[in-house]
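Novice: Structure file my_file-v2.csv (CSV, C-alpha atoms) right here:
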chain,number,residue,atom,x,y,z
A,16,MET,CA,29.3,-13.4,-15.3
A,17,LYS,CA,26.3,-15.7,-15.1
A,18,LEU,CA,23.3,-14.3,-13.3
A,19,LEU,CA,23.1,-16.3,-10.0
A,20,GLY,CA,23.2,-19.6,-12.0
A,21,LEU,CA,20.5,-22.1,-12.5
A,22,SER,CA,21.4,-23.9,-9.2
A,23,LEU,CA,19.4,-21.2,-7.3
A,24,LEU,CA,15.8,-21.8,-6.7
A,25,ILE,CA,13.5,-20.1,-9.3
A,26,ILE,CA,9.9,-19.9,-8.3
A,27,ALA,CA,7.7,-18.8,-11.2
A,28,ALA,CA,5.8,-19.9,-14.3
A,29,ALA,CA,8.0,-20.4,-17.4
A,30,THR,CA,6.6,-19.5,-20.8
A,31,GLY,CA,7.9,-18.6,-24.3
A,32,PHE,CA,9.6,-21.7,-25.7
A,33,ALA,CA,10.4,-21.1,-29.3
A,34,VAL,CA,11.0,-24.1,-31.6
A,35,VAL,CA,12.7,-23.9,-34.9
A,36,TYR,CA,12.1,-26.7,-37.5
A,37,ARG,CA,14.4,-27.6,-40.4
A,38,TRP,CA,12.6,-28.8,-43.6
A,39,ARG,CA,14.4,-31.0,-46.2
A,40,THR,CA,13.5,-31.7,-49.8
A,41,PRO,CA,13.2,-35.3,-51.0
A,42,SER,CA,16.7,-35.1,-52.4
A,43,GLY,CA,18.1,-34.4,-49.0
A,44,GLN,CA,19.1,-30.8,-49.9
A,45,SER,CA,18.2,-28.2,-47.2
A,46,LEU,CA,16.1,-25.3,-48.2
A,47,PRO,CA,17.4,-21.8,-47.2
A,48,ARG,CA,16.2,-21.0,-43.7
A,49,PRO,CA,14.7,-17.6,-43.0
A,50,PRO,CA,16.2,-15.4,-40.2
A,51,GLN,CA,15.4,-16.8,-36.8
A,52,PRO,CA,13.8,-14.9,-34.0
A,53,GLN,CA,16.1,-13.5,-31.3
A,54,GLN,CA,13.9,-14.4,-28.3
A,55,ALA,CA,14.3,-18.2,-28.3
A,56,GLY,CA,14.3,-19.6,-24.8
A,57,VAL,CA,12.4,-19.2,-21.6
A,58,ILE,CA,10.9,-16.1,-20.1
A,59,VAL,CA,10.2,-16.3,-16.4
A,60,GLU,CA,7.9,-13.7,-15.0
A,61,ARG,CA,8.5,-12.5,-11.4
A,62,PRO,CA,10.9,-15.2,-10.3
A,63,VAL,CA,12.4,-15.4,-6.8
A,64,LEU,CA,16.1,-16.3,-6.5
A,65,LYS,CA,17.1,-17.7,-3.1
A,66,HIS,CA,20.3,-18.7,-1.3
A,67,THR,CA,20.3,-20.7,1.9
A,68,GLU,CA,23.1,-21.6,4.3
A,69,ASN,CA,22.9,-24.5,6.8
A,70,GLY,CA,19.2,-24.8,6.0
A,71,GLN,CA,18.5,-21.2,6.8
A,72,LEU,CA,17.5,-18.5,4.3
A,73,ALA,CA,20.5,-16.1,3.7
A,74,TRP,CA,19.0,-13.9,1.0
A,75,GLN,CA,16.3,-13.8,-1.7
A,76,ILE,CA,15.8,-11.6,-4.7
A,77,GLN,CA,12.4,-10.9,-6.3
A,78,LEU,CA,12.9,-10.0,-10.1
A,79,LYS,CA,10.4,-8.6,-12.5
A,80,GLN,CA,11.5,-10.9,-15.3
A,81,LEU,CA,14.2,-13.5,-16.2
A,82,ARG,CA,15.2,-14.5,-19.7
A,83,ILE,CA,17.0,-17.9,-20.1
A,84,SER,CA,18.4,-19.0,-23.4
A,85,HIS,CA,18.1,-22.7,-24.6
A,86,GLY,CA,20.7,-24.6,-22.6
A,87,GLY,CA,20.8,-21.9,-19.9
A,88,GLN,CA,24.0,-20.4,-21.3
A,89,ASN,CA,22.8,-16.8,-21.2
A,90,ILE,CA,20.6,-15.3,-18.5
A,91,ALA,CA,19.4,-11.7,-18.3
A,92,ALA,CA,17.3,-10.1,-15.6
A,93,GLN,CA,15.0,-7.1,-15.9
A,94,GLY,CA,14.2,-5.1,-12.8
A,95,VAL,CA,14.9,-5.9,-9.1
A,96,GLU,CA,11.6,-5.5,-7.2
A,97,GLU,CA,13.2,-6.3,-3.9
A,98,ALA,CA,16.2,-8.1,-2.4
A,99,LEU,CA,16.0,-9.2,1.3
A,100,ILE,CA,19.1,-10.1,3.3
A,101,TYR,CA,18.5,-12.2,6.5
A,102,GLY,CA,20.4,-12.2,9.8
A,103,ALA,CA,21.4,-15.0,12.1
A,104,GLU,CA,18.0,-15.1,13.7
A,105,GLY,CA,16.3,-15.7,10.3
A,106,LYS,CA,14.7,-12.2,10.1
A,107,PRO,CA,15.4,-9.6,7.3
A,108,VAL,CA,18.1,-7.1,8.3
A,109,LEU,CA,18.4,-5.3,4.9
A,110,ARG,CA,16.0,-4.5,2.0
A,111,VAL,CA,17.6,-3.6,-1.3
A,112,THR,CA,15.9,-2.2,-4.5
A,113,ALA,CA,17.7,-1.6,-7.8
A,114,GLN,CA,17.4,-2.0,-11.6
A,115,GLN,CA,19.8,-4.8,-12.3
A,116,VAL,CA,21.4,-7.8,-10.5
A,117,THR,CA,24.3,-10.1,-11.2
A,118,GLY,CA,25.8,-12.8,-9.0
A,119,ASP,CA,28.4,-15.4,-8.3
A,120,THR,CA,27.1,-18.8,-7.2
A,121,ALA,CA,30.5,-20.0,-6.1
A,122,GLN,CA,30.9,-17.2,-3.6
A,123,ARG,CA,27.2,-16.8,-2.8
A,124,ASP,CA,27.5,-13.0,-3.4
A,125,PHE,CA,25.5,-10.7,-5.6
A,126,GLN,CA,25.7,-7.2,-7.0
A,127,VAL,CA,23.0,-4.7,-7.8
A,128,ALA,CA,23.2,-1.5,-9.9
A,129,GLY,CA,21.1,1.4,-11.0
A,130,ASP,CA,19.2,3.6,-8.5
A,131,VAL,CA,20.2,1.4,-5.6
A,132,ARG,CA,18.6,1.9,-2.2
A,133,VAL,CA,19.5,-0.1,0.8
A,134,VAL,CA,17.4,0.2,4.0
A,135,SER,CA,18.5,-1.3,7.3
A,136,TYR,CA,16.1,-2.6,9.9
A,137,ARG,CA,17.9,-0.2,12.3
A,138,GLY,CA,16.7,2.7,10.1
A,139,SER,CA,19.9,3.5,8.1
A,140,VAL,CA,19.5,4.2,4.4
A,141,ILE,CA,22.2,3.9,1.7
A,142,THR,CA,21.7,5.5,-1.8
A,143,THR,CA,24.2,4.9,-4.6
A,144,ASP,CA,24.5,3.4,-8.1
A,145,LYS,CA,26.2,0.1,-7.3
A,146,VAL,CA,26.2,-2.2,-4.3
A,147,GLN,CA,28.0,-5.5,-3.7
A,148,TRP,CA,26.8,-7.9,-1.0
A,149,LYS,CA,29.6,-10.2,0.4
A,150,GLN,CA,27.9,-13.2,2.1
A,151,ALA,CA,31.0,-14.4,4.0
A,152,GLU,CA,31.9,-11.0,5.4
A,153,GLN,CA,28.3,-9.9,5.8
A,154,THR,CA,29.2,-6.5,4.3
A,155,ILE,CA,27.6,-4.0,1.9
A,156,ASN,CA,30.3,-2.5,-0.4
A,157,CYS,CA,29.6,0.7,-2.3
A,158,PRO,CA,32.6,1.5,-4.6
A,159,ASP,CA,31.1,4.6,-6.2
A,160,GLU,CA,29.7,7.9,-4.9
A,161,VAL,CA,27.4,7.1,-2.0
A,162,THR,CA,25.2,8.7,0.7
A,163,PHE,CA,24.6,7.1,4.1
A,164,ARG,CA,21.9,8.4,6.3
A,165,SER,CA,21.0,7.4,9.9
A,166,ARG,CA,19.2,9.1,12.7
A,167,ASP,CA,22.2,11.1,13.8
A,168,VAL,CA,24.4,11.7,10.7
A,169,VAL,CA,24.5,12.0,6.9
A,170,ILE,CA,27.7,10.8,5.3
A,171,VAL,CA,28.7,11.6,1.7
A,172,THR,CA,31.8,10.0,0.2
A,173,THR,CA,33.1,7.7,-2.5
A,174,GLY,CA,33.8,4.1,-1.4
A,175,LEU,CA,31.9,2.9,1.7
A,176,THR,CA,31.7,-0.4,3.5
A,177,TYR,CA,28.9,-1.2,5.9
A,178,TYR,CA,29.4,-4.0,8.3
A,179,VAL,CA,25.9,-5.2,8.9
A,180,ASN,CA,26.4,-7.3,12.1
A,181,GLN,CA,28.5,-4.7,13.8
A,182,ASP,CA,26.5,-1.7,12.5
A,183,ILE,CA,29.8,0.0,11.6
A,184,VAL,CA,30.6,2.2,8.5
A,185,ASP,CA,34.1,2.5,7.1
A,186,CYS,CA,35.0,5.2,4.6
A,187,PRO,CA,38.7,5.3,3.5
A,188,ASN,CA,38.4,8.3,1.2
A,189,GLN,CA,37.5,11.9,1.7
A,190,VAL,CA,34.2,12.3,3.6
A,191,THR,CA,31.8,15.1,4.2
A,192,MET,CA,29.8,14.4,7.3
A,193,TYR,CA,26.7,16.3,8.6
A,194,ALA,CA,25.8,15.8,12.2
A,195,GLY,CA,24.3,17.5,15.2
A,196,ASN,CA,23.1,21.1,14.9
A,197,ASN,CA,24.1,21.7,11.3
A,198,ASN,CA,27.7,20.6,11.9
A,199,LYS,CA,29.7,19.9,8.7
A,200,VAL,CA,33.0,18.0,9.0
A,201,VAL,CA,35.3,17.2,6.1
A,202,GLY,CA,38.1,14.7,6.6
A,203,GLN,CA,39.4,11.3,5.5
A,204,GLY,CA,39.4,7.8,6.9
A,205,LEU,CA,36.0,7.8,8.7
A,206,ARG,CA,34.9,4.9,11.0
A,207,TYR,CA,31.4,5.5,12.3
A,208,ASP,CA,29.5,3.4,14.9
A,209,VAL,CA,25.9,3.8,13.9
A,210,ALA,CA,24.4,2.6,17.2
A,211,SER,CA,26.5,4.9,19.5
A,212,ALA,CA,27.1,7.7,16.9
A,213,ASP,CA,30.8,7.6,17.9
A,214,PHE,CA,33.3,8.1,15.1
A,215,THR,CA,37.0,8.6,14.3
A,216,LEU,CA,38.1,10.8,11.4
A,217,GLN,CA,41.6,11.6,10.1
A,218,ASN,CA,42.9,14.7,8.3
A,219,VAL,CA,40.1,17.0,9.4
A,220,GLN,CA,39.9,19.9,7.0
A,221,MET,CA,36.9,21.9,8.0
A,222,ILE,CA,34.4,22.2,10.9
A,223,LEU,CA,31.3,24.4,11.1
A,224,ASN,CA,29.5,25.0,14.3
A,225,VAL,CA,32.8,24.5,16.1
A,226,GLU,CA,31.7,24.2,19.7
A,227,GLU,CA,29.3,21.3,19.2
A,228,ALA,CA,31.8,19.6,16.9
A,229,LYS,CA,34.6,19.9,19.5
A,230,GLU,CA,32.4,18.4,22.2
A,231,LYS,CA,31.5,15.4,20.0
A,232,LEU,CA,35.2,14.9,19.1
A,233,ARG,CA,36.1,15.1,22.8
A,234,GLU,CA,33.5,12.4,23.6
A,235,VAL,CA,35.0,10.1,20.9
A,236,THR,CA,38.7,10.6,21.7
A,237,GLY,CA,38.3,10.9,25.5
A,238,GLY,CA,40.1,14.2,25.4
Rewrite the structure from the file as structure tokens, please.
Specialist:
Amino acid sequence: MKLLGLSLLIIAAATGFAVVYRWRTPSGQSLPRPPQPQQAGVIVERPVLKHTENGQLAWQIQLKQLRISHGGQNIAAQGVEEALIYGAEGKPVLRVTAQQVTGDTAQRDFQVAGDVRVVSYRGSVITTDKVQWKQAEQTINCPDEVTFRSRDVVIVTTGLTYYVNQDIVDCPNQVTMYAGNNNKVVGQGLRYDVASADFTLQNVQMILNVEEAKEKLREVTGG
């Protein structure tokens, strides 16, 4: 997959062009060429990749370094200093840090990997090893083991989707949830409303600090 393509805006100074010459003898016979360096192309220091929709900034990624081969056929990024995702009002709603980034210019999405940390302006924090941003759905998708922390809860699971606009977390797989006064709930199929702290959970297997957990479940289910 190409890294975000050359159609995205790159703001930086480009250096490092390497030029290879071919010498010929008077007879027209080519002399043997020595091994060529492997770093031909352009090195862009601290570029900024941007994506806009309807004239408004949707997201931007600050990289430490970008290497582009001659012709732009191969692109490699080193280090993601910061990625910012903007909401409908034009203000940042998510800040992402990671080690690597790849993207799809056709879909306007991107993926980061390696020590990923996502911080919401509402105060929620996601830590995992891989995150996919889906521009059309406005979702953060975490396919691997992930921890989600907010003011009221800590969620540990594998496979999590965070709907940014709705402030909703969906976890289809087994979940361990810590909430309230040291409550620990284990179940499956969690849907958690970050703003209200309401949740639904299927196949509950274990509850500690039972009375407080029962009260919370009664509030959610209306029972």
Novice: Just give me the gap between atom CA of Arg132 of chain A and atom CA of Val171 of chain A in Å, one decimal is fine.
Specialist: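 Atom-to-atom, atom CA of Arg132 of chain A to atom CA of Val171 of chain A, that is 14.5 Å.
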Novice: Expressed in Å to a single decimal, how great is the separation between atom CA of Trp74 of chain A and atom CA of Val209 of chain A?
Specialist: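 Separation of atom CA of Trp74 of chain A and atom CA of Val209 of chain A: 23.0 Å.
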Novice: Could you name the residues that touch Val131 of chain A at 7 Å or less, counting all atoms listed in the file, but leaving out those on the same chain fewer than 4 positions away, as a ChimeraX atom specification?
Specialist: /A:112-113,142-145
Novice: Would you mind reading off the distance between atom CA of Asn188 of chain A and atom CA of Ser135 of chain A, one decimal, in Å?
Specialist: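 That distance, rounded to one decimal, is 22.9 Å.
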Novice: Find the spatial neighbours of Ile141 of chain A, counting only C-alpha atoms, within a cut-off of 7 Å - ignore same-chain residues fewer than 3 positions away - and output them as a list in words.
Specialist: Arg132, Val133, Val134, Thr162, Phe163 and Arg164 of chain A
Novice: At a cut-off of 9 Å, using only C-alpha atoms, what residues contact segment 95-111 of chain A? Leave out same-chain residues fewer than 5 positions from it and give the result as a ChimeraX atom specification.
Specialist: /A:61,71-80,116,127,131-137,179-180
Novice: Using only C-alpha atoms for the distances, tell me which of A:Leu205, A:Val161, A:Ala151, A:Met221 is nearest to Ile183 of chain A.
Specialist: A:Leu205
Novice: Identify the residues within 6 Å of coordinate (31.3, 22.1, 8.3) (same frame as the file), considering only C-alpha atoms, and give the answer as an mmCIF file with C-alpha atoms, in the coordinates of the input.
Specialist:
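File point.cif, as written:
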data_model
loop_
_atom_site.group_PDB
_atom_site.id
_atom_site.type_symbol
_atom_site.label_atom_id
_atom_site.label_comp_id
_atom_site.auth_asym_id
_atom_site.auth_seq_id
_atom_site.Cartn_x
_atom_site.Cartn_y
_atom_site.Cartn_z
ATOM 1 C CA ASN A 198 27.700 20.600 11.900
ATOM 2 C CA LYS A 199 29.700 19.900 8.700
ATOM 3 C CA VAL A 200 33.000 18.000 9.000
ATOM 4 C CA MET A 221 36.900 21.900 8.000
ATOM 5 C CA ILE A 222 34.400 22.200 10.900
ATOM 6 C CA LEU A 223 31.300 24.400 11.100
#
Novice: So which one's closest to Gln181 of chain A, A:Asp124, A:Asp213, A:Glu68, A:Asp208? Using only C-alpha atoms, please.
Specialist: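 Smallest distance to Gln181 of chain A is found for A:Asp208.
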